[in-house]
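Here's entry_23.txt, which has compact mmCIF, C-alpha atoms and all ligand atoms:
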```txt
# COMPACT_ATOMS: atom_id res chain seq x y z
CA MET I 1 31.70 123.08 183.66
CA LYS I 2 29.78 123.96 180.50
CA LYS I 3 27.18 126.76 180.56
CA LYS I 4 24.84 128.12 177.95
CA ILE I 5 24.89 131.92 178.02
CA SER I 6 23.57 134.79 175.92
CA ILE I 7 25.97 136.45 173.48
CA ASP I 8 25.48 139.64 175.52
CA GLN I 9 27.09 137.92 178.50
CA LEU I 10 30.14 136.78 176.53
CA VAL I 11 33.32 138.69 177.47
CA PRO I 12 37.03 138.33 176.63
CA GLY I 13 38.69 135.50 178.56
CA MET I 14 35.76 133.08 178.23
CA TYR I 15 36.28 129.83 176.28
CA VAL I 16 33.55 129.11 173.71
CA VAL I 17 32.89 125.46 172.87
CA SER I 18 29.81 125.90 170.70
CA THR I 19 27.33 128.48 169.40
CA ASN I 20 23.72 128.32 168.29
CA ARG I 21 24.96 128.67 164.68
CA SER I 22 26.79 125.95 162.84
CA TRP I 23 30.58 126.37 162.72
CA LEU I 24 30.18 125.95 158.97
CA GLN I 25 28.26 129.23 158.87
CA ILE I 26 30.75 131.30 160.87
CA PRO I 27 34.52 131.74 160.47
CA PHE I 28 35.32 130.64 164.05
CA PHE I 29 36.17 127.41 165.73
CA ARG I 30 36.02 126.68 169.47
CA LYS I 31 38.37 129.12 171.11
CA ARG I 32 39.17 131.53 173.92
CA ILE I 33 37.66 134.97 173.27
CA LYS I 34 40.51 137.46 173.06
CA SER I 35 38.73 140.76 172.45
CA ARG I 36 35.38 142.56 172.31
CA GLU I 37 35.81 142.67 168.53
CA ILE I 38 35.46 138.88 168.35
CA VAL I 39 32.19 139.14 170.32
CA GLN I 40 30.97 141.81 167.87
CA LYS I 41 31.90 139.55 164.95
CA LEU I 42 29.95 136.65 166.44
CA LYS I 43 26.97 139.00 166.87
CA ALA I 44 27.35 140.09 163.25
CA TYR I 45 27.01 136.43 162.28
CA ARG I 46 23.76 136.37 164.25
CA VAL I 47 25.05 134.20 167.08
CA THR I 48 22.66 134.78 169.99
CA GLU I 49 23.74 132.01 172.40
CA VAL I 50 27.05 130.28 173.12
CA VAL I 51 28.19 127.47 175.40
CA ILE I 52 31.28 128.30 177.46
CA ASP I 53 33.64 125.96 179.30
CA THR I 54 34.43 127.56 182.68
CA GLU I 55 37.31 125.14 183.31
CA ARG I 56 39.17 126.38 180.23
CA GLY I 57 38.23 130.07 180.49
CA GLY I 58 36.41 132.77 182.46
CA ASP I 59 33.03 132.36 184.12
CA LEU I 60 30.03 134.66 184.60
CA PRO I 61 30.68 137.26 187.35
CA ASP I 62 28.39 135.66 189.95
CA SER I 63 28.90 132.08 188.73
CA SER I 64 25.20 131.68 188.04
CA SER I 65 23.60 130.74 184.76
CA PHE I 66 21.23 133.39 183.44
CA GLY I 67 18.66 132.94 180.73
CA PRO I 68 19.47 134.60 177.42
CA LEU I 69 19.29 138.38 177.57
CA ASN I 70 18.09 138.96 174.04
CA PRO I 71 16.58 142.48 173.70
CA PHE I 72 13.70 140.86 171.85
CA ASP I 73 12.68 139.05 175.05
CA HIS I 74 12.87 142.25 177.09
CA PRO I 75 10.50 144.94 175.74
CA GLU I 76 12.09 147.69 177.86
CA ILE I 77 15.54 146.96 176.36
CA LEU I 78 14.06 146.76 172.88
CA ALA I 79 12.33 150.11 173.38
CA ARG I 80 15.52 151.67 174.76
CA ASN I 81 17.51 150.41 171.75
CA MET I 82 14.87 151.77 169.35
CA ASN I 83 14.94 155.08 171.16
CA GLN I 84 18.75 155.31 171.00
CA SER I 85 18.70 154.38 167.31
CA MET I 86 16.10 157.05 166.60
CA ALA I 87 18.18 159.67 168.42
CA ALA I 88 21.36 158.60 166.57
CA HIS I 89 19.55 158.64 163.21
CA SER I 90 18.08 162.13 163.84
CA LYS I 91 21.39 163.56 165.03
CA VAL I 92 23.35 162.16 162.08
CA LEU I 93 20.64 163.25 159.64
CA SER I 94 20.65 166.82 160.94
CA GLU I 95 24.48 167.04 161.00
CA THR I 96 24.72 165.52 157.50
CA THR I 97 22.12 168.01 156.27
CA LYS I 98 24.33 170.82 157.67
CA ILE I 99 27.41 169.39 155.90
CA MET I 100 25.50 169.15 152.60
CA GLU I 101 23.99 172.64 152.95
CA ASP I 102 27.48 174.05 153.60
CA VAL I 103 28.72 172.35 150.44
CA ARG I 104 25.73 173.71 148.52
CA ASN I 105 26.57 177.21 149.76
CA GLY I 106 30.16 176.91 148.65
CA GLU I 107 31.58 176.39 152.14
CA GLY I 108 33.79 173.47 153.08
CA PHE I 109 33.68 170.87 155.81
CA THR I 110 36.29 168.95 157.74
CA GLU I 111 36.89 165.22 157.64
CA LYS I 112 36.39 165.25 161.42
CA LYS I 113 32.73 166.26 160.97
CA ALA I 114 32.03 163.32 158.66
CA ASP I 115 34.02 160.94 160.91
CA GLU I 116 31.95 161.98 163.94
CA GLN I 117 28.71 161.05 162.21
CA VAL I 118 29.96 157.68 160.99
CA ASN I 119 31.46 156.85 164.41
CA LEU I 120 28.13 157.62 166.06
CA LEU I 121 26.43 155.19 163.68
CA ILE I 122 29.14 152.54 164.19
CA ASP I 123 28.65 152.72 167.99
CA GLN I 124 24.92 152.16 167.53
CA VAL I 125 25.42 149.34 164.99
CA MET I 126 27.76 147.62 167.48
CA GLU I 127 25.12 148.02 170.20
CA ASP I 128 22.06 146.83 168.26
CA PRO I 129 22.26 146.70 164.44
CA GLN I 130 18.63 145.61 163.93
CA SER I 131 17.00 148.61 165.58
CA LEU I 132 19.06 151.15 163.61
CA LEU I 133 18.33 149.50 160.26
CA CYS I 134 14.66 149.13 161.21
CA ILE I 135 14.42 152.88 161.97
CA SER I 136 16.24 153.86 158.81
CA VAL I 137 13.93 151.73 156.64
CA LEU I 138 10.78 153.02 158.33
CA LYS I 139 11.67 156.69 158.45
CA ASN I 140 10.98 158.85 155.43
CA ALA I 141 12.37 162.35 155.85
CA ASP I 142 11.36 165.18 153.53
CA GLU I 143 14.81 165.72 152.11
CA PHE I 144 15.37 162.51 150.19
CA THR I 145 19.00 163.05 149.22
CA PHE I 146 20.27 163.60 152.76
CA ASN I 147 18.12 160.86 154.22
CA HIS I 148 19.36 158.53 151.48
CA CYS I 149 22.98 159.30 152.43
CA VAL I 150 22.39 158.51 156.11
CA ASN I 151 20.37 155.38 155.36
CA THR I 152 22.96 154.09 152.89
CA ALA I 153 25.63 154.69 155.54
CA ILE I 154 23.62 152.66 158.08
CA LEU I 155 23.05 149.86 155.57
CA SER I 156 26.74 149.84 154.62
CA LEU I 157 27.76 149.52 158.29
CA PHE I 158 25.24 146.71 158.77
CA VAL I 159 26.70 144.85 155.77
CA GLY I 160 30.30 145.83 156.60
CA GLN I 161 29.95 144.41 160.11
CA PHE I 162 28.47 141.24 158.62
CA LEU I 163 31.49 140.98 156.29
CA GLY I 164 33.80 141.26 159.30
CA MET I 165 35.31 144.69 158.48
CA SER I 166 37.54 146.25 161.16
CA ARG I 167 36.46 149.46 162.95
CA ASP I 168 38.61 151.55 160.60
CA GLY I 169 37.31 149.59 157.61
CA LEU I 170 33.77 150.38 158.77
CA LEU I 171 34.66 154.07 159.18
CA GLN I 172 35.95 154.36 155.60
CA PHE I 173 33.12 152.28 154.12
CA GLY I 174 30.45 154.19 156.10
CA LYS I 175 32.02 157.54 155.19
CA GLY I 176 32.02 156.58 151.50
CA ALA I 177 28.30 155.81 151.82
CA LEU I 178 27.56 159.03 153.75
CA LEU I 179 29.33 161.20 151.16
CA HIS I 180 28.64 159.22 147.96
CA ASP I 181 25.99 161.63 146.64
CA LEU I 182 27.71 164.80 147.81
CA GLY I 183 27.79 166.02 144.18
CA LYS I 184 23.99 166.27 144.24
CA CYS I 185 24.42 169.42 146.34
CA MET I 186 25.76 171.01 143.16
CA ILE I 187 22.74 170.03 141.04
CA PRO I 188 19.86 172.57 140.79
CA ARG I 189 17.11 171.70 143.29
CA GLU I 190 14.36 171.94 140.63
CA ILE I 191 15.96 169.04 138.75
CA LEU I 192 16.70 166.99 141.89
CA MET I 193 13.16 167.41 143.20
CA LYS I 194 11.32 167.14 139.88
CA PRO I 195 8.43 164.67 140.12
CA GLY I 196 8.10 162.19 137.25
CA LYS I 197 10.53 161.38 134.48
CA LEU I 198 13.48 163.60 133.64
CA ASN I 199 14.18 164.65 130.04
CA GLN I 200 17.49 163.75 128.38
CA GLU I 201 19.14 167.05 129.22
CA GLU I 202 18.09 166.88 132.89
CA GLU I 203 19.27 163.29 133.13
CA ALA I 204 22.68 164.30 131.78
CA ILE I 205 22.87 167.07 134.41
CA ILE I 206 21.97 164.62 137.23
CA LYS I 207 24.70 162.25 136.07
CA THR I 208 27.33 164.95 136.57
CA HIS I 209 26.85 164.57 140.35
CA VAL I 210 29.44 161.75 140.41
CA HIS I 211 32.25 163.86 138.91
CA LYS I 212 31.22 166.96 140.84
CA GLY I 213 31.25 165.05 144.14
CA LEU I 214 34.60 163.41 143.39
CA ASP I 215 36.23 166.69 142.36
CA TYR I 216 34.96 168.32 145.53
CA LEU I 217 36.20 165.53 147.80
CA LYS I 218 39.63 165.57 146.13
CA LYS I 219 39.84 169.37 146.34
CA MET I 220 38.89 169.37 150.02
CA ASN I 221 41.38 166.57 150.65
CA VAL I 222 38.94 164.86 153.01
CA ALA I 223 38.64 161.45 151.47
CA SER I 224 40.55 158.18 151.56
CA GLU I 225 40.92 155.95 148.50
CA GLU I 226 37.99 153.82 149.74
CA VAL I 227 35.70 156.85 150.05
CA LEU I 228 36.62 157.98 146.53
CA LEU I 229 35.90 154.49 145.12
CA PHE I 230 32.47 154.35 146.81
CA ALA I 231 31.53 157.83 145.57
CA GLY I 232 33.10 157.42 142.13
CA GLU I 233 31.77 153.98 141.20
CA HIS I 234 28.31 153.72 142.79
CA HIS I 235 26.59 154.19 139.41
CA GLU I 236 28.88 151.85 137.45
CA ARG I 237 27.29 148.56 136.34
CA MET I 238 28.84 145.13 135.65
CA ASP I 239 27.72 145.11 131.98
CA GLY I 240 29.27 148.51 131.28
CA SER I 241 25.88 150.29 131.15
CA GLY I 242 26.63 152.51 134.15
CA TYR I 243 28.24 155.94 134.46
CA PRO I 244 30.39 158.03 134.51
CA ASN I 245 33.07 155.76 132.99
CA GLY I 246 31.10 152.74 131.72
CA LEU I 247 33.40 150.40 133.66
CA ARG I 248 32.81 146.66 133.26
CA GLY I 249 33.16 143.64 135.56
CA ASP I 250 36.39 143.67 137.52
CA GLN I 251 37.28 147.14 136.29
CA ILE I 252 34.93 148.09 139.13
CA SER I 253 36.42 147.82 142.63
CA TRP I 254 34.86 145.66 145.40
CA TYR I 255 33.82 148.93 147.10
CA GLY I 256 32.19 150.10 143.89
CA LYS I 257 30.34 146.79 143.44
CA LEU I 258 29.01 146.92 146.99
CA ALA I 259 28.17 150.63 146.62
CA ALA I 260 26.03 149.95 143.53
CA VAL I 261 23.93 147.33 145.33
CA LEU I 262 23.55 149.36 148.53
CA ASP I 263 22.68 152.60 146.69
CA VAL I 264 19.98 150.98 144.55
CA TYR I 265 18.55 148.99 147.45
CA ASP I 266 18.11 152.04 149.66
CA ALA I 267 16.88 154.31 146.84
CA ILE I 268 14.12 151.89 145.79
CA THR I 269 12.98 151.00 149.30
CA HIS I 270 12.35 154.68 150.11
CA GLU I 271 9.75 156.98 148.67
CA ASN I 272 11.12 160.12 147.03
CA TYR I 273 10.09 162.95 144.74
CA TYR I 274 9.72 160.90 141.62
CA LYS I 275 8.44 157.52 142.77
CA ASN I 276 6.76 155.50 145.47
CA SER I 277 8.72 153.02 147.54
CA GLU I 278 8.95 149.27 146.93
CA ASP I 279 9.01 146.72 149.73
CA PRO I 280 12.56 145.53 150.60
CA LYS I 281 11.87 141.92 149.61
CA SER I 282 10.75 142.93 146.08
CA VAL I 283 13.81 145.17 145.76
CA LEU I 284 16.12 142.25 146.57
CA GLU I 285 14.30 140.18 143.93
CA PHE I 286 14.64 143.04 141.43
CA ILE I 287 18.39 143.32 142.06
CA ALA I 288 18.75 139.53 141.83
CA SER I 289 16.84 139.35 138.53
CA GLY I 290 19.06 141.99 136.90
CA GLY I 291 22.02 140.84 138.96
CA SER I 292 24.00 138.92 136.40
CA LYS I 293 24.01 141.90 134.04
CA SER I 294 24.11 144.91 136.31
CA PHE I 295 25.25 143.89 139.76
CA ASP I 296 28.06 141.77 141.10
CA PRO I 297 26.61 138.46 142.43
CA LYS I 298 28.99 138.46 145.42
CA ALA I 299 27.96 141.99 146.39
CA TYR I 300 24.29 141.04 146.04
CA LYS I 301 24.86 137.90 148.13
CA ALA I 302 26.57 139.93 150.87
CA LEU I 303 23.52 142.21 151.08
CA SER I 304 20.88 139.48 150.88
CA ASP I 305 22.67 137.15 153.34
CA CYS I 306 23.00 140.05 155.75
CA VAL I 307 19.46 141.48 155.66
CA GLY I 308 17.64 138.17 155.09
CA LEU I 309 14.46 137.49 153.15
CA TYR I 310 12.53 140.15 155.08
CA PRO I 311 15.03 142.89 156.01
CA PRO I 312 14.51 144.72 159.33
CA GLY I 313 11.83 147.38 158.87
CA THR I 314 9.80 145.47 156.23
CA LEU I 315 6.05 145.89 156.69
CA LEU I 316 4.34 142.48 156.63
CA MET I 317 0.82 141.09 156.25
CA LEU I 318 0.34 137.89 158.29
CA ASP I 319 -2.11 135.04 157.61
CA THR I 320 -4.01 136.02 160.76
CA GLY I 321 -4.86 139.38 159.17
CA GLU I 322 -2.45 141.11 161.56
CA MET I 323 0.25 143.51 160.34
CA ALA I 324 3.81 143.56 161.62
CA VAL I 325 7.26 145.00 160.99
CA SER I 326 10.20 142.59 160.59
CA TYR I 327 12.88 143.15 163.20
CA GLU I 328 15.49 140.39 163.25
CA PRO I 329 16.33 138.05 160.35
CA ASN I 330 16.23 134.32 161.04
CA ASN I 331 19.00 132.48 159.18
CA ARG I 332 17.63 129.04 159.99
CA SER I 333 14.13 129.81 158.66
CA PRO I 334 14.44 132.94 156.49
CA ASP I 335 10.66 133.22 156.08
CA ARG I 336 10.18 133.32 159.87
CA PRO I 337 11.95 136.45 161.19
CA LYS I 338 11.24 138.00 164.56
CA VAL I 339 8.67 140.76 164.13
CA LEU I 340 6.92 143.57 165.98
CA LEU I 341 3.15 143.14 165.77
CA LEU I 342 1.40 146.47 165.00
CA THR I 343 -2.26 145.55 164.49
CA ARG I 344 -4.59 142.95 165.98
CA VAL I 345 -6.76 140.36 164.22
CA ASP I 346 -9.75 142.77 164.35
CA GLY I 347 -7.69 145.44 162.56
CA GLY I 348 -7.23 147.64 165.65
CA PHE I 349 -3.78 148.84 166.65
CA CYS I 350 -1.85 147.05 169.39
CA ALA I 351 -1.47 149.28 172.44
CA THR I 352 2.29 148.74 172.10
CA PRO I 353 4.07 146.88 169.27
CA GLU I 354 4.26 143.28 170.43
CA PRO I 355 7.52 141.30 169.87
CA ILE I 356 6.57 138.00 168.18
CA ASP I 357 8.70 135.09 167.04
CA LEU I 358 7.18 133.63 163.86
CA THR I 359 8.69 130.22 164.69
CA GLU I 360 6.13 129.89 167.50
CA PRO I 361 4.22 126.60 166.82
CA LYS I 362 0.46 126.21 166.79
CA GLY I 363 -0.44 123.89 169.67
CA ASN I 364 1.73 120.80 169.99
CA ASP I 365 2.38 120.30 166.28
CA PRO I 366 5.87 121.70 165.49
CA SER I 367 5.11 121.73 161.75
CA GLN I 368 2.18 124.12 162.21
CA PHE I 369 2.78 127.77 163.05
CA LEU I 370 0.70 130.30 164.93
CA ARG I 371 1.42 132.99 162.37
CA SER I 372 3.00 133.05 158.88
CA ILE I 373 3.85 135.83 156.44
CA VAL I 374 1.47 136.25 153.51
CA THR I 375 3.28 139.11 151.82
CA ALA I 376 5.60 142.06 152.31
CA MET I 377 3.99 145.47 151.82
CA THR I 378 5.03 149.01 150.95
CA HIS I 379 4.25 151.90 153.28
CA GLU I 380 1.73 153.18 150.73
CA ASP I 381 -0.19 149.87 151.01
CA ALA I 382 -0.87 150.56 154.69
CA ASN I 383 -3.30 153.26 155.77
CA PHE I 384 -1.07 154.21 158.70
CA ASN I 385 2.51 155.22 159.31
CA PRO I 386 4.37 152.35 161.02
CA PHE I 387 7.22 154.68 162.03
CA GLU I 388 4.86 156.81 164.14
CA ILE I 389 3.70 153.71 166.06
CA ILE I 390 7.26 152.53 166.74
CA GLU I 391 8.30 156.07 167.71
CA LYS I 392 5.45 156.50 170.22
CA TYR I 393 6.21 153.10 171.74
CA SER I 394 9.93 153.60 172.11
CA LEU I 395 9.49 157.07 173.60
CA HIS I 396 6.94 155.78 176.09
CA GLU I 397 8.66 152.53 177.09
CA SER I 398 12.19 153.84 177.40
CA ARG I 399 11.26 156.67 179.77
FE FE T 1 24.28 158.83 143.10
```
Please re-express this file's structure in structure tokens.
Ligand SMILES: [Fe+2]
Amino acid sequence: MKKKISIDQLVPGMYVVSTNRSWLQIPFFRKRIKSREIVQKLKAYRVTEVVIDTERGGDLPDSSSFGPLNPFDHPEILARNMNQSMAAHSKVLSETTKIMEDVRNGEGFTEKKADEQVNLLIDQVMEDPQSLLCISVLKNADEFTFNHCVNTAILSLFVGQFLGMSRDGLLQFGKGALLHDLGKCMIPREILMKPGKLNQEEEAIIKTHVHKGLDYLKKMNVASEEVLLFAGEHHERMDGSGYPNGLRGDQISWYGKLAAVLDVYDAITHENYYKNSEDPKSVLEFIASGGSKSFDPKAYKALSDCVGLYPPGTLLMLDTGEMAVSYEPNNRSPDRPKVLLLTRVDGGFCATPEPIDLTEPKGNDPSQFLRSIVTAMTHEDANFNPFEIIEKYSLHESR
């Protein structure tokens, strides 16, 4: 007997005959599910529903067919996921800040400490990748450098999972991202936090953070080859214009190519001491426009395929005059992600952020939509803080 079930109900032993994504878009063919890792991989490829054959494999525990259990259709689960992601983000941010402060004060740290933080993020990414990325995009902590490290780690895990990395692969990749700017702890704060443009001398000092970080990681003996490549090559550029070694093209490792794209994407989407933020969609366009010269097209494609046209956490203006935050990319219609509605047509705030699917048609005409995106916005464009609204909601709903 064939049954359509939610991806959350899929467990090892079941036999999958089809998914809601084309087999051409995912590296799987109909098969028996052998491990939880395969389920996680299907989730990473944005499979939300599958059809199982209960004569060739396992069945649901009570032999009944449930409707899909997508968190987006269950506000209490969505709120709980948001709440867990917020807690994980805060914990990792505070522990990473401690690691960095210790380094700044000349003390060391153990690999175990960094591993714990990345493992905590991996667990959350496996549980619900959208909510963690959404929180990391929306949250702007005071200490840009540390926040940037945590956010780049989250983004790297999101992309790494999408690329099908193993758990250990994710650990090394995420650790590289978490520690890539460690050398900035050895740069004077007044230069790091200087608003506006740096002079030539200050710029040269900032650039030493790559060597300083690498030397430190090697001295402490806490880093794998992958971590060293992420930290050592994240400012290298395909046309040789990067630093510290001016590497070109394939002189840069795959880790280094991915690191460059992830570092720039997170740095530009977040506000910091010397500039305002840009909306994620514009940042992707910026990277794409300079892509052939500066960034590896495959690395850019991995990021853009993974986060979609409107990455989770992007603030959006809709044609109804309402404002929303993108939550889940939609591969079939990239301009119609699932969103959380924050304001109403009259401009007032929604009592709680309302989950909305932008593919919802207007009346009976499937070519007309109830709501469409007019533009992506930066946080400075809005006269409110979207993170505070999401935070209040998740704290209230998940109680
Ligand atoms: Fe850097």
Taking (27.4, 141.9, 151.0) in the file's coordinates as the center, which residues reach within 8 Å of it, counting all atoms listed in the file, put as a PDB file with C-alpha atoms, keeping the file's coordinate frame?
```
ATOM      1  CA  VAL I 159      26.700 144.850 155.770  1.00  0.00           C
ATOM      2  CA  GLY I 160      30.300 145.830 156.600  1.00  0.00           C
ATOM      3  CA  PHE I 162      28.470 141.240 158.620  1.00  0.00           C
ATOM      4  CA  LEU I 163      31.490 140.980 156.290  1.00  0.00           C
ATOM      5  CA  LEU I 258      29.010 146.920 146.990  1.00  0.00           C
ATOM      6  CA  LYS I 298      28.990 138.460 145.420  1.00  0.00           C
ATOM      7  CA  ALA I 299      27.960 141.990 146.390  1.00  0.00           C
ATOM      8  CA  TYR I 300      24.290 141.040 146.040  1.00  0.00           C
ATOM      9  CA  LYS I 301      24.860 137.900 148.130  1.00  0.00           C
ATOM     10  CA  ALA I 302      26.570 139.930 150.870  1.00  0.00           C
ATOM     11  CA  LEU I 303      23.520 142.210 151.080  1.00  0.00           C
ATOM     12  CA  SER I 304      20.880 139.480 150.880  1.00  0.00           C
ATOM     13  CA  ASP I 305      22.670 137.150 153.340  1.00  0.00           C
ATOM     14  CA  CYS I 306      23.000 140.050 155.750  1.00  0.00           C
TER      15      CYS I 306
END
```
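Relative to atom CA of I:Phe230, atom CA of I:Ile252 is found at 10.2 Å.
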Residue nearest I:Gly321 - candidates I:Lys91, I:Arg371, I:Arg21, I:Lys197, atoms counted: all atoms listed in the file: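 Smallest separation from I:Gly321 among the options: I:Arg371.
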Using only C-alpha atoms and all ligand atoms, can you tell me which of I:Val307, I:Leu182, I:Ile356, I:Leu217 comes closest to ligand FE 1 (chain T)? I:Leu182
If the limit is 10 Å from any atom of ligand FE 1 (chain T), counting all atoms listed in the file, which residues qualify? Return them as a PyMOL selection string. chain I and resi 145+148-149+179-184+206-210+213+231-235+243+259-260+263-264+267
Please return as a list in words every residue within 9 Å of (24.2, 144.8, 137.8), taking into account only C-alpha atoms and the file's own coordinates.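 The requested residues, written out, are Glu236, Arg237, Met238, Asp239, Ser241, Gly242, Lys257, Ala260, Val261, Ile287, Ala288, Gly290, Gly291, Ser292, Lys293, Ser294, Phe295, Asp296 and Pro297 of chain I.
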Give me, please, the distance in Å between atom CA of I:Leu78 and atom CA of I:Leu340, quoted to one decimal. 10.4 Å
Just the number, please: distance in Å from atom CA of I:His379 to atom CA of I:Leu262, one decimal. 20.0 Å
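Distance annotation: of I:Leu132, I:Ala177, I:Met220, I:Ala114, the residue with the minimal separation from I:Lys98 is I:Ala114; atom set is all atoms listed in the file.
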Name the closest residue to I:Lys338 among the candidates I:Ala324, I:Ile33, I:Leu358, I:Leu316; distances are taken between atoms, counting only C-alpha atoms.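 For I:Lys338, the nearest of the given residues is I:Leu358.
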Using 8 Å of padding on each side, determine the axis-aligned box around all atoms of stretch 255-260 of chain I present in the file and give its centre and edge lengths in Å to one decimal, as AutoDock Vina command-line options.
```
--center_x 29.9 --center_y 148.7 --center_z 145.3 --size_x 23.8 --size_y 19.8 --size_z 19.7
```
From the set I:Ile5, I:Ile38, I:Leu315, I:Leu284, which residue has the shortest atom-to-atom contact distance to I:Val137, counting all atoms listed in the file?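 Once distances to I:Val137 are computed over all atoms listed in the file, the minimum belongs to I:Leu315.
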Give the answer as one residue: which of I:Leu247, I:Cys185, I:Ile135, I:Val125 has the shortest atom-to-atom distance to I:Ser156, using all atoms listed in the file?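 Using all atoms listed in the file, the shortest distance to I:Ser156 belongs to I:Val125.
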Please identify all polymer residues within 7 Å of I:Asp279, counting only C-alpha atoms, omitting same-chain residues fewer than 5 positions from it, and present them as an MDAnalysis selection string. chainID I and resid 269 314 376:378
